[in-house]
Each structure stands twice: as structure tokens, then as C-alpha cells.
file final-v9.csv (CSV, C-alpha atoms and all ligand atoms)
chain,number,residue,atom,x,y,z
A,12,MET,CA,101.2,-102.3,27.8
A,13,SER,CA,104.4,-100.5,26.7
A,14,LYS,CA,102.9,-98.1,24.2
A,15,PRO,CA,99.8,-95.8,24.7
A,16,VAL,CA,96.6,-97.7,23.7
A,17,GLN,CA,93.0,-96.7,23.1
A,18,GLY,CA,90.3,-97.9,25.4
A,19,LEU,CA,86.7,-97.5,26.4
A,20,VAL,CA,85.7,-95.9,29.8
A,21,VAL,CA,83.3,-98.3,31.6
A,22,ARG,CA,83.2,-96.5,35.0
A,23,ALA,CA,84.2,-93.1,36.2
A,24,THR,CA,84.4,-91.8,39.7
A,25,ALA,CA,86.0,-88.7,41.1
A,26,GLY,CA,89.5,-90.0,41.3
A,27,PHE,CA,89.7,-92.9,38.9
A,28,VAL,CA,88.3,-94.3,35.7
A,29,ASP,CA,88.1,-97.9,34.6
A,30,VAL,CA,89.1,-98.4,31.0
A,31,LEU,CA,88.4,-101.5,29.0
A,32,VAL,CA,91.4,-102.3,26.8
A,33,ASP,CA,91.3,-105.6,24.9
A,34,ALA,CA,88.8,-107.3,27.3
A,35,GLU,CA,90.9,-106.2,30.3
A,36,VAL,CA,89.8,-103.4,32.7
A,37,ILE,CA,92.5,-101.1,33.7
A,38,GLN,CA,92.1,-98.6,36.5
A,39,CYS,CA,93.6,-95.2,35.5
A,40,ARG,CA,94.1,-91.8,36.9
A,41,ILE,CA,93.5,-88.7,34.8
A,42,ARG,CA,96.5,-86.8,33.7
A,43,GLY,CA,96.8,-83.6,35.8
A,44,ARG,CA,97.3,-81.5,32.7
A,45,LEU,CA,93.9,-82.6,31.4
A,46,LYS,CA,92.2,-81.8,34.6
A,47,LYS,CA,93.5,-78.2,34.5
A,48,THR,CA,91.9,-77.4,31.2
A,49,PRO,CA,88.8,-75.3,32.0
A,50,LEU,CA,85.7,-77.1,30.7
A,51,ASP,CA,82.0,-76.5,30.6
A,52,THR,CA,81.5,-80.2,30.2
A,53,ASP,CA,82.6,-83.4,32.0
A,54,LEU,CA,86.1,-84.3,31.3
A,55,CYS,CA,85.7,-88.1,31.1
A,56,VAL,CA,82.6,-90.2,31.4
A,57,ILE,CA,81.4,-93.7,30.6
A,58,GLY,CA,81.4,-94.3,26.8
A,59,ASP,CA,84.4,-92.0,26.2
A,60,GLN,CA,87.2,-93.3,24.0
A,61,VAL,CA,90.5,-92.5,25.7
A,62,ILE,CA,94.2,-93.0,25.2
A,63,VAL,CA,95.8,-94.8,28.1
A,64,ALA,CA,99.5,-94.6,28.9
A,65,ARG,CA,101.6,-96.2,31.6
A,66,GLU,CA,103.0,-93.7,34.1
A,67,ASP,CA,105.1,-96.1,36.2
A,68,GLN,CA,105.0,-99.7,37.3
A,69,GLN,CA,101.8,-99.1,39.4
A,70,THR,CA,99.9,-96.4,37.7
A,71,CYS,CA,98.2,-95.9,34.3
A,72,LEU,CA,96.9,-92.6,33.1
A,73,VAL,CA,94.2,-91.3,30.8
A,74,ALA,CA,96.4,-89.1,28.6
A,75,GLU,CA,93.8,-88.0,26.2
A,76,VAL,CA,90.0,-88.1,25.8
A,77,LEU,CA,88.9,-88.4,22.1
A,78,PRO,CA,86.1,-86.2,20.7
A,79,ARG,CA,82.6,-87.5,21.4
A,80,ARG,CA,80.5,-88.5,18.4
A,81,SER,CA,77.3,-88.3,20.5
A,82,ARG,CA,76.2,-88.0,24.2
A,83,PHE,CA,73.3,-87.9,26.5
A,84,SER,CA,73.7,-84.8,28.7
A,85,ARG,CA,71.7,-82.3,30.6
A,86,ARG,CA,72.3,-79.0,32.4
A,87,GLN,CA,73.9,-79.8,35.7
A,88,PRO,CA,71.4,-79.4,38.5
A,89,GLY,CA,72.2,-77.3,41.6
A,90,LYS,CA,75.4,-75.4,42.0
A,91,GLY,CA,77.0,-76.3,38.7
A,92,ARG,CA,74.1,-74.9,36.6
A,93,GLY,CA,76.5,-73.3,34.1
A,94,LYS,CA,77.9,-76.7,33.1
A,95,GLU,CA,77.0,-79.6,31.0
A,96,ASP,CA,76.5,-82.9,32.9
A,97,VAL,CA,77.3,-85.8,30.5
A,98,LEU,CA,75.8,-89.1,31.6
A,99,VAL,CA,77.0,-91.2,28.8
A,100,ALA,CA,79.2,-90.5,25.8
A,101,ASN,CA,79.2,-92.0,22.3
A,102,LEU,CA,75.9,-93.8,22.6
A,103,ASP,CA,73.6,-95.1,19.8
A,104,GLN,CA,70.3,-95.4,21.7
A,105,LEU,CA,68.7,-94.1,24.8
A,106,LEU,CA,66.4,-96.5,26.7
A,107,VAL,CA,64.1,-94.0,28.4
A,108,THR,CA,62.6,-96.0,31.2
A,109,PHE,CA,59.5,-95.6,33.2
A,110,SER,CA,57.3,-98.0,35.1
A,111,TYR,CA,53.7,-99.0,35.7
A,112,GLY,CA,52.8,-98.9,39.4
A,113,ARG,CA,55.3,-96.9,41.3
A,114,PRO,CA,57.0,-94.5,40.7
A,115,LEU,CA,54.2,-93.0,38.8
A,116,PHE,CA,54.5,-92.3,35.1
A,117,ASN,CA,55.4,-88.7,34.2
A,118,ALA,CA,54.7,-87.6,30.7
A,119,ARG,CA,56.3,-84.2,31.1
A,120,LEU,CA,59.6,-85.9,32.1
A,121,LEU,CA,59.3,-88.4,29.3
A,122,ASP,CA,59.0,-85.6,26.8
A,123,ARG,CA,62.1,-83.9,28.3
A,124,PHE,CA,64.1,-87.0,27.7
A,125,LEU,CA,62.8,-87.3,24.2
A,126,VAL,CA,63.6,-83.6,23.4
A,127,ILE,CA,67.2,-84.1,24.6
A,128,ALA,CA,67.5,-87.3,22.5
A,129,GLU,CA,66.3,-85.5,19.4
A,130,HIS,CA,68.6,-82.5,20.0
A,131,GLN,CA,71.6,-84.8,20.5
A,132,ARG,CA,70.5,-87.1,17.7
A,133,VAL,CA,70.4,-90.3,19.7
A,134,GLN,CA,67.7,-92.8,19.0
A,135,PRO,CA,65.2,-92.9,21.9
A,136,ILE,CA,63.3,-96.1,22.8
A,137,ILE,CA,60.6,-95.9,25.5
A,138,VAL,CA,60.8,-98.8,27.9
A,139,MET,CA,57.8,-99.4,30.2
A,140,ASN,CA,58.8,-101.7,33.0
A,141,LYS,CA,56.8,-103.5,35.7
A,142,SER,CA,54.1,-104.7,33.1
A,143,ASP,CA,53.0,-107.1,35.9
A,144,LEU,CA,51.6,-104.0,37.7
A,145,GLU,CA,49.8,-102.6,34.6
A,146,GLN,CA,46.2,-101.4,35.2
A,147,PRO,CA,43.5,-101.0,32.5
A,148,GLY,CA,44.1,-97.7,30.7
A,149,ASP,CA,47.7,-97.3,31.7
A,150,SER,CA,48.9,-97.9,28.1
A,151,SER,CA,46.5,-95.6,26.3
A,152,TRP,CA,49.2,-93.1,25.5
A,153,HIS,CA,51.5,-95.6,23.8
A,154,LYS,CA,49.9,-95.3,20.4
A,155,ILE,CA,50.4,-91.5,20.4
A,156,TYR,CA,54.1,-91.9,20.9
A,157,GLU,CA,54.3,-94.8,18.4
A,158,SER,CA,52.6,-92.7,15.8
A,159,ILE,CA,55.2,-90.0,16.3
A,160,GLY,CA,57.9,-92.7,15.6
A,161,TYR,CA,59.0,-93.7,19.2
A,162,PRO,CA,59.0,-97.4,19.9
A,163,VAL,CA,57.4,-98.4,23.2
A,164,LEU,CA,58.6,-101.7,24.7
A,165,LYS,CA,56.5,-103.2,27.5
A,166,VAL,CA,58.7,-105.3,29.8
A,167,SER,CA,58.9,-106.8,33.3
A,168,ALA,CA,62.1,-107.5,35.2
A,169,GLY,CA,59.8,-109.4,37.6
A,170,THR,CA,58.1,-111.8,35.2
A,171,GLY,CA,60.6,-111.7,32.3
A,172,GLU,CA,58.0,-110.3,29.9
A,173,GLY,CA,59.7,-108.6,26.9
A,174,ILE,CA,63.2,-109.2,28.1
A,175,ASP,CA,64.2,-111.3,25.0
A,176,ALA,CA,62.8,-108.5,22.7
A,177,LEU,CA,64.8,-105.9,24.7
A,178,GLY,CA,67.9,-108.0,24.3
A,179,GLU,CA,67.5,-108.0,20.5
A,180,VAL,CA,67.1,-104.2,20.5
A,181,LEU,CA,70.5,-103.9,22.3
A,182,ARG,CA,72.4,-106.2,19.9
A,183,GLY,CA,75.6,-104.5,18.6
A,184,LYS,CA,74.7,-101.1,19.9
A,185,ILE,CA,75.8,-98.8,22.8
A,186,SER,CA,72.6,-98.2,24.8
A,187,ALA,CA,71.9,-96.6,28.1
A,188,PHE,CA,69.1,-97.0,30.6
A,189,VAL,CA,68.0,-93.6,31.9
A,190,GLY,CA,64.9,-92.6,33.9
A,191,PRO,CA,63.7,-91.8,37.4
A,192,SER,CA,64.9,-93.7,40.5
A,193,GLY,CA,63.0,-96.9,41.2
A,194,VAL,CA,61.6,-97.7,37.7
A,195,GLY,CA,63.8,-100.8,37.6
A,196,LYS,CA,66.8,-100.0,35.4
A,197,SER,CA,69.2,-102.1,37.4
A,198,SER,CA,66.7,-104.9,37.8
A,199,LEU,CA,66.3,-105.0,34.0
A,200,ILE,CA,70.1,-105.2,33.5
A,201,ASN,CA,70.2,-108.1,36.0
A,202,GLN,CA,67.7,-109.9,33.8
A,203,ILE,CA,69.6,-109.2,30.6
A,204,LEU,CA,73.0,-110.0,32.2
A,205,PRO,CA,72.4,-112.7,34.8
A,206,GLY,CA,75.3,-113.0,37.2
A,207,LEU,CA,76.0,-109.3,37.3
A,208,GLY,CA,74.0,-108.9,40.5
A,209,LEU,CA,73.5,-105.2,40.6
A,210,GLY,CA,72.1,-103.6,43.7
A,211,VAL,CA,68.5,-102.7,43.6
A,212,ALA,CA,66.3,-101.0,46.3
A,213,SER,CA,62.6,-101.1,46.9
A,214,VAL,CA,60.6,-98.1,45.8
A,215,SER,CA,59.6,-97.2,49.4
A,216,GLU,CA,63.3,-97.1,50.3
A,217,HIS,CA,63.9,-94.9,47.3
A,218,HIS,CA,61.2,-92.5,48.3
A,219,GLY,CA,61.5,-92.6,52.1
A,220,LYS,CA,65.1,-91.5,52.1
A,221,GLY,CA,65.3,-90.0,48.7
A,222,ARG,CA,68.0,-92.4,48.1
A,223,HIS,CA,69.2,-93.9,44.9
A,224,ALA,CA,70.2,-97.5,44.6
A,225,THR,CA,72.6,-96.9,41.7
A,226,ARG,CA,75.1,-94.2,42.5
A,227,VAL,CA,77.8,-94.5,39.8
A,228,ALA,CA,77.0,-95.0,36.1
A,229,SER,CA,78.7,-98.1,34.6
A,230,LEU,CA,78.9,-99.7,31.1
A,231,TYR,CA,78.6,-103.4,30.6
A,232,ALA,CA,79.6,-105.5,27.6
A,233,LEU,CA,76.8,-107.6,26.1
A,234,PRO,CA,77.3,-111.2,24.9
A,235,GLN,CA,75.3,-110.4,21.8
A,236,GLY,CA,77.7,-107.5,21.0
A,237,GLY,CA,77.4,-103.9,22.1
A,238,PHE,CA,77.4,-102.3,25.6
A,239,LEU,CA,74.7,-101.4,28.0
A,240,ALA,CA,74.9,-98.5,30.6
A,241,ASP,CA,73.2,-98.4,34.0
A,242,THR,CA,72.8,-94.8,35.3
A,243,PRO,CA,71.6,-93.3,38.6
A,244,GLY,CA,68.0,-92.2,38.7
A,245,ILE,CA,67.2,-88.7,37.4
A,246,ARG,CA,65.1,-86.3,39.3
A,247,GLU,CA,65.9,-83.1,37.4
A,248,LEU,CA,66.3,-82.8,33.7
A,249,ALA,CA,67.0,-79.5,32.0
A,250,THR,CA,68.3,-79.1,28.5
A,251,TRP,CA,71.8,-78.0,27.8
A,252,ALA,CA,72.8,-75.7,24.8
A,253,LEU,CA,69.4,-76.0,23.1
A,254,PRO,CA,68.5,-72.7,21.5
A,255,ILE,CA,64.9,-71.8,22.1
A,256,ASP,CA,64.2,-71.3,18.4
A,257,GLN,CA,65.2,-74.9,17.8
A,258,LEU,CA,62.9,-76.5,20.4
A,259,ASP,CA,60.1,-77.1,17.9
A,260,ARG,CA,62.5,-79.3,15.8
A,261,CYS,CA,62.8,-81.6,18.8
A,262,PHE,CA,59.1,-82.5,18.6
A,263,PRO,CA,59.0,-84.5,15.3
A,264,GLU,CA,55.2,-84.1,14.9
A,265,LEU,CA,55.5,-80.3,15.2
A,266,THR,CA,58.3,-80.1,12.7
A,267,ARG,CA,55.9,-81.5,10.1
A,268,TYR,CA,53.8,-78.3,10.3
A,269,ARG,CA,56.2,-75.5,11.2
A,270,SER,CA,56.8,-74.5,7.5
A,271,GLU,CA,53.1,-73.9,7.1
A,272,CYS,CA,52.9,-71.3,9.8
A,273,ALA,CA,52.2,-67.7,8.5
A,274,PHE,CA,55.2,-66.3,10.3
A,275,ARG,CA,58.6,-67.8,9.7
A,276,SER,CA,59.7,-67.2,13.3
A,277,CYS,CA,56.4,-68.5,14.6
A,278,THR,CA,56.7,-69.8,18.2
A,279,HIS,CA,53.4,-71.7,18.0
A,280,THR,CA,52.2,-70.2,21.2
A,281,HIS,CA,50.0,-67.1,20.3
A,282,GLU,CA,50.5,-66.3,16.6
A,283,PRO,CA,47.6,-66.1,14.1
A,284,GLN,CA,47.5,-68.7,11.3
A,285,CYS,CA,49.8,-71.1,13.2
A,286,ALA,CA,49.7,-74.5,11.6
A,287,VAL,CA,50.9,-76.2,14.7
A,288,ILE,CA,48.1,-74.7,16.9
A,289,ASP,CA,45.5,-75.6,14.1
A,290,ALA,CA,46.8,-79.2,14.0
A,291,MET,CA,46.5,-79.4,17.8
A,292,HIS,CA,42.9,-78.2,17.6
A,293,ARG,CA,42.1,-80.7,14.9
A,294,GLY,CA,43.6,-83.4,17.1
A,295,THR,CA,46.5,-84.3,14.7
A,296,ILE,CA,49.0,-83.1,17.3
A,297,ASP,CA,48.4,-84.5,20.8
A,298,ARG,CA,47.3,-81.8,23.3
A,299,ASP,CA,49.5,-83.1,26.1
A,300,ARG,CA,52.6,-83.2,23.8
A,301,TYR,CA,51.8,-79.6,22.8
A,302,GLU,CA,51.5,-78.7,26.5
A,303,SER,CA,55.0,-80.2,27.0
A,304,TYR,CA,56.3,-78.0,24.2
A,305,VAL,CA,54.8,-74.8,25.7
A,306,ARG,CA,56.1,-75.7,29.2
A,307,LEU,CA,59.6,-76.4,27.9
A,308,ARG,CA,59.6,-73.1,26.0
A,309,GLU,CA,58.8,-71.3,29.2
A,310,SER,CA,61.5,-73.0,31.2
A,311,THR,CA,64.1,-72.7,28.4
A,312,SER,CA,63.7,-69.0,28.1
A,313,ALA,CA,63.9,-68.5,31.9
B,1,LIG,N1,56.6,-105.5,40.4
B,1,LIG,C1,57.8,-105.3,39.8
B,1,LIG,N2,58.8,-104.7,40.5
B,1,LIG,C2,59.9,-104.4,39.9
B,1,LIG,C3,60.1,-104.8,38.5
B,1,LIG,N3,61.4,-104.4,38.2
B,1,LIG,C4,61.9,-103.8,39.3
B,1,LIG,N4,61.1,-103.9,40.3
B,1,LIG,C5,61.3,-103.4,41.7
B,1,LIG,O1,61.5,-101.9,41.6
B,1,LIG,C6,62.4,-101.5,42.7
B,1,LIG,C7,63.4,-100.6,42.1
B,1,LIG,O2,64.3,-101.3,41.2
B,1,LIG,P1,65.8,-100.8,40.8
B,1,LIG,O3,66.2,-101.8,39.8
B,1,LIG,O4,66.6,-100.6,42.0
B,1,LIG,O5,65.4,-99.4,40.1
B,1,LIG,P2,66.4,-98.4,39.4
B,1,LIG,O6,65.7,-97.7,38.3
B,1,LIG,O7,67.7,-99.0,39.1
B,1,LIG,O8,66.7,-97.3,40.6
B,1,LIG,P3,68.0,-96.3,40.8
B,1,LIG,O9,69.2,-97.1,40.8
B,1,LIG,O10,67.7,-95.6,42.1
B,1,LIG,O11,67.9,-95.3,39.7
B,1,LIG,C8,62.9,-102.8,43.3
B,1,LIG,O12,62.2,-103.1,44.5
B,1,LIG,C9,62.6,-103.9,42.3
B,1,LIG,O13,62.5,-105.1,42.8
B,1,LIG,C10,59.1,-105.4,37.8
B,1,LIG,O14,59.2,-105.7,36.6
B,1,LIG,N5,57.9,-105.6,38.5
B,2,MG,MG,69.7,-98.7,39.7
B,3,ZN,ZN,53.3,-71.8,14.4

call {"tool": "encode", "arguments": {"input": "final-v9.csv", "output": "C-alpha cells"}}
result
Amino acid sequence: MSKPVQGLVVRATAGFVDVLVDAEVIQCRIRGRLKKTPLDTDLCVIGDQVIVAREDQQTCLVAEVLPRRSRFSRRQPGKGRGKEDVLVANLDQLLVTFSYGRPLFNARLLDRFLVIAEHQRVQPIIVMNKSDLEQPGDSSWHKIYESIGYPVLKVSAGTGEGIDALGEVLRGKISAFVGPSGVGKSSLINQILPGLGLGVASVSEHHGKGRHATRVASLYALPQGGFLADTPGIRELATWALPIDQLDRCFPELTRYRSECAFRSCTHTHEPQCAVIDAMHRGTIDRDRYESYVRLRESTSA
């Protein structure tokens, strides 16, 4: 590599990033000058397109990070709350993953993932893993989400159910598994890419020690074309840079009614002649989804 070349970041830790250049992974440092630029976002994450230059015989450098065409990000939890935490850059679809059995399904958290996907214009696909543990009634909510336009894929890394269909959905796209710890994201990738042998941990281990099996996000090339990201489990998910007056646009089924509200700036929480509240009372908008909207409004304005 004599001249600077473009590559894809497949792994990023504090000191180093792994960059895929022509089927070869090159470990690089990040140019000091880039690190000094004050940013309210992550400098370099998996999925980023970067320019790599040789510094000397031993070292390669990320000299430039190209603009992101899309991302999946959240408000950084804890100390860095004023900053955007980008989990994956330049992705096409988000595989929002939950499971039957344990950990328990959480509709509020699912809706947060979906809101962020809508805001960031990334196609969400709901993946329900551990179908071998499904109990009667567990899937009753699927049709509500499908009617809104969100595909729901029922799979099992344990029995192999739905893995072929999942593989088809991934073809040629950059996709990322996201979801709580213990739902089986890494287990599913081990099924899709046998031989990778990613570490997994039992759910009791996850909960007992609050520990996450996957600690560093990585991007893997797929034989059918495209890339697939594994990410660490998410416990907290707050929106980043989503103005409160645009929240209703991130619920597709609310968007259909908002122009019919009596007030143009209707928040759909207390106003008279609100078409959204009317639709919710008629049952056209699901009550639980509406509840998620109201809760997100409250936490976004806080
Ligand atoms: N019964 C059953 N168990 C599964 C299935 N898929 C995964 N598991 C189990 O669920 C546990 C968690 O799996 P992981 O793949 O580590 O989960 P993860 O989502 O990657 O977790 P983090 O890396 O912490 O975010 C392991 O004990 C797996 O064996 C499945 O389809 N059925
Ligand atoms: Mg994992
Ligand atoms: Zn309204």
C-alpha cells in the first residue's frame, strides 16, 4: 500500500481500528489531528468508510473518516449524555432483536428502537429469536406491527428455524443486530456464518453479573454479499437529536392522522378534535403503541 486507499471499518476499539481494504484487514491507528477535533459524535465506528495511509513500515493510520450516509445511534448513557453514541455507520437495515422466553420481551424498548430507525431512515426488521421457547399468545402482537409495515421474523438459533429466510433478508445489504443482552444476537450470527465461533453466554450469566457476552461491535462479510454487524446488548436507549415536534412522524400509523387534527401543532396528548386520539379510541391505532408515543414524549421533553 503505497498510496492512501479507502476501506471499511470492521472493528473499532479505543486505540485501534481494523479496516477492510481489498479483502485484507489492516490494523490502523487514528491520526492524532483527527482525534483533536472536538466532536459531539463518535469519531470512527464500524461501518465507517475511511482513508487509510501508511505512516511508516509498521503503522497504518486512519487519515480521514468519510461522511456517513446513515447510522444507528443513541444518546450516550451515563457521563457522556451530551454526546451521540454511534453503534454502526452506513447501514441499510436494523435487525431489532428480542426473544421468546428470557430475557422477557419489552414492547417499550422495541418502540424506542423503531423510533430511532424511522428518525435515521434505516429500515427496521423485527427479529424474534428462541422460537423454540414460544408459548401460546406470545406472538399476538406481531400482526399489529406487520400492519404498520414492520416485518417480523420468527427464528431460532437453537433449532435453525427461519435462519435461511434471515440469510435471504441480509443478501447484499449492510445490516446490524441490535437488542438487549442475552436475546441471542451472537448465536444467530454463529448460525448464519458457521465457523466464526462468536462467544455467547447463558442468560443467567448475563443477568447474574450484569455482564455482556459481546463487548466490542464487529462487522462481518457475508458470502451472499453484504455485511452483518454484531453489537453489545443495549440496556438504555434514548434518542439523539430528535426534536420533540417530530416524534409523531416516527410512528408511521400516527403520521397518517396528524394532518386531520384540529390544531396544526397538535401534540396528540390532550387537545380536542385530535384525529390520533380518535383513531386510538376507535382501535385503528394500537393503545400500547400510543402509550409508547406518550412516554417517549415525556422523556424527550425532560
Ligand atoms: N432456547 C434457545 N436459546 C438460545 C437461542 N439462541 C440463543 N440462545 C441462548 O441465549 C443465550 C444468549 O445468547 P447470546 O448469543 O450470547 O446473546 P447476545 O444477544 O449476543 O448477548 P450479548 O452479547 O450480551 O448482547 C445463550 O445461552 C444462547 O445459547 C435459541 O434460539 N433458543
Ligand atoms: Mg453477543
Ligand atoms: Zn392530534

call {"tool": "residues_near_ligand", "arguments": {"input": "final-v9.csv", "ligand": "ligand LIG 1 (chain B)", "cutoff": "7 Å", "atoms": "only C-alpha atoms and all ligand atoms", "output": "ChimeraX atom specification"}}
result
/A:140-144,166-170,190-199,210-214,217,222-226,242-244

call {"tool": "residues_near_ligand", "arguments": {"input": "final-v9.csv", "ligand": "ligand ZN 3 (chain B)", "cutoff": "6 Å", "atoms": "only C-alpha atoms and all ligand atoms", "output": "MDAnalysis selection string"}}
result
chainID A and resid 269 272 277:279 285:287

call {"tool": "residues_near_point", "arguments": {"input": "final-v9.csv", "point": "(83.4, -85.0, 34.5)", "cutoff": "9 Å", "atoms": "only C-alpha atoms", "output": "list in words"}}
result
Ala23, Thr24, Ala25, Thr52, Asp53, Leu54, Cys55, Val56, Asp96 and Val97 of chain A

call {"tool": "atom_distance", "arguments": {"input": "final-v9.csv", "atom1": "atom CA of Leu102 of chain A", "atom2": "atom CA of Val126 of chain A"}}
result
16.0 Å

call {"tool": "atom_distance", "arguments": {"input": "final-v9.csv", "atom1": "atom CA of Asn101 of chain A", "atom2": "atom CA of Arg267 of chain A"}}
result
28.3 Å

call {"tool": "atom_distance", "arguments": {"input": "final-v9.csv", "atom1": "atom CA of Asp299 of chain A", "atom2": "atom CA of Pro147 of chain A"}}
result
19.9 Å

call {"tool": "closest_residue", "arguments": {"input": "final-v9.csv", "among": "A:Ile203, A:Ala64, A:Leu77, A:Val189", "to": "Gly171 of chain A", "atoms": "only C-alpha atoms"}}
result
A:Ile203

call {"tool": "residues_around", "arguments": {"input": "final-v9.csv", "residues": "Ile185 of chain A", "least_positions_apart": "6", "cutoff": "12 Å", "atoms": "only C-alpha atoms", "output": "list in words"}}
result
Leu19, Val21, Ile57, Gly58, Asp59, Ser81, Arg82, Phe83, Val99, Ala100, Asn101, Leu102, Asp103, Gln104, Leu105, Leu106, Val133, Gln134, Leu230, Tyr231, Ala232, Leu233, Gln235, Gly236, Gly237, Phe238, Leu239, Ala240 and Asp241 of chain A

call {"tool": "closest_residue", "arguments": {"input": "final-v9.csv", "among": "A:Gly208, A:Gly43, A:Gly26, A:Gly112", "to": "ligand MG 2 (chain B)", "atoms": "only C-alpha atoms and all ligand atoms"}}
result
A:Gly208

call {"tool": "closest_residue", "arguments": {"input": "final-v9.csv", "among": "A:Leu177, A:Ile62, A:Arg182, A:Val36", "to": "Pro162 of chain A", "atoms": "all atoms listed in the file"}}
result
A:Leu177

call {"tool": "residues_around", "arguments": {"input": "final-v9.csv", "residues": "Arg40 of chain A", "least_positions_apart": "3", "cutoff": "7 Å", "atoms": "only C-alpha atoms", "output": "ChimeraX atom specification"}}
result
/A:26-28,71-73

call {"tool": "closest_residue", "arguments": {"input": "final-v9.csv", "among": "A:Ala290, A:Ile255, A:Ala128, A:Leu248", "to": "Tyr268 of chain A", "atoms": "only C-alpha atoms"}}
result
A:Ala290

call {"tool": "axis_aligned_box", "arguments": {"input": "final-v9.csv", "around": "segment 109-121 of chain A", "padding_each_side": "4 Å", "output": "JSON"}}
result
{"center_x": 56.2, "center_y": -91.6, "center_z": 35.3, "size_x": 14.8, "size_y": 22.8, "size_z": 20.0}

call {"tool": "residues_around", "arguments": {"input": "final-v9.csv", "residues": "Glu95 of chain A", "least_positions_apart": "2", "cutoff": "8 Å", "atoms": "all atoms listed in the file", "output": "PDB file with C-alpha atoms, in the coordinates of the input"}}
result
ATOM      1  CA  ASP A  51      82.000 -76.500  30.600  1.00  0.00           C
ATOM      2  CA  THR A  52      81.500 -80.200  30.200  1.00  0.00           C
ATOM      3  CA  ASP A  53      82.600 -83.400  32.000  1.00  0.00           C
ATOM      4  CA  SER A  84      73.700 -84.800  28.700  1.00  0.00           C
ATOM      5  CA  ARG A  85      71.700 -82.300  30.600  1.00  0.00           C
ATOM      6  CA  ARG A  86      72.300 -79.000  32.400  1.00  0.00           C
ATOM      7  CA  GLN A  87      73.900 -79.800  35.700  1.00  0.00           C
ATOM      8  CA  ARG A  92      74.100 -74.900  36.600  1.00  0.00           C
ATOM      9  CA  GLY A  93      76.500 -73.300  34.100  1.00  0.00           C
ATOM     10  CA  VAL A  97      77.300 -85.800  30.500  1.00  0.00           C
ATOM     11  CA  TRP A 251      71.800 -78.000  27.800  1.00  0.00           C
TER      12      TRP A 251
END

call {"tool": "closest_residue", "arguments": {"input": "final-v9.csv", "among": "A:Leu209, A:Ile155, A:Val107, A:Ile136", "to": "ligand MG 2 (chain B)", "atoms": "all atoms listed in the file"}}
result
A:Leu209

call {"tool": "closest_residue", "arguments": {"input": "final-v9.csv", "among": "A:Ser186, A:Gln284, A:Ser150, A:Gln257", "to": "Val163 of chain A", "atoms": "only C-alpha atoms"}}
result
A:Ser150
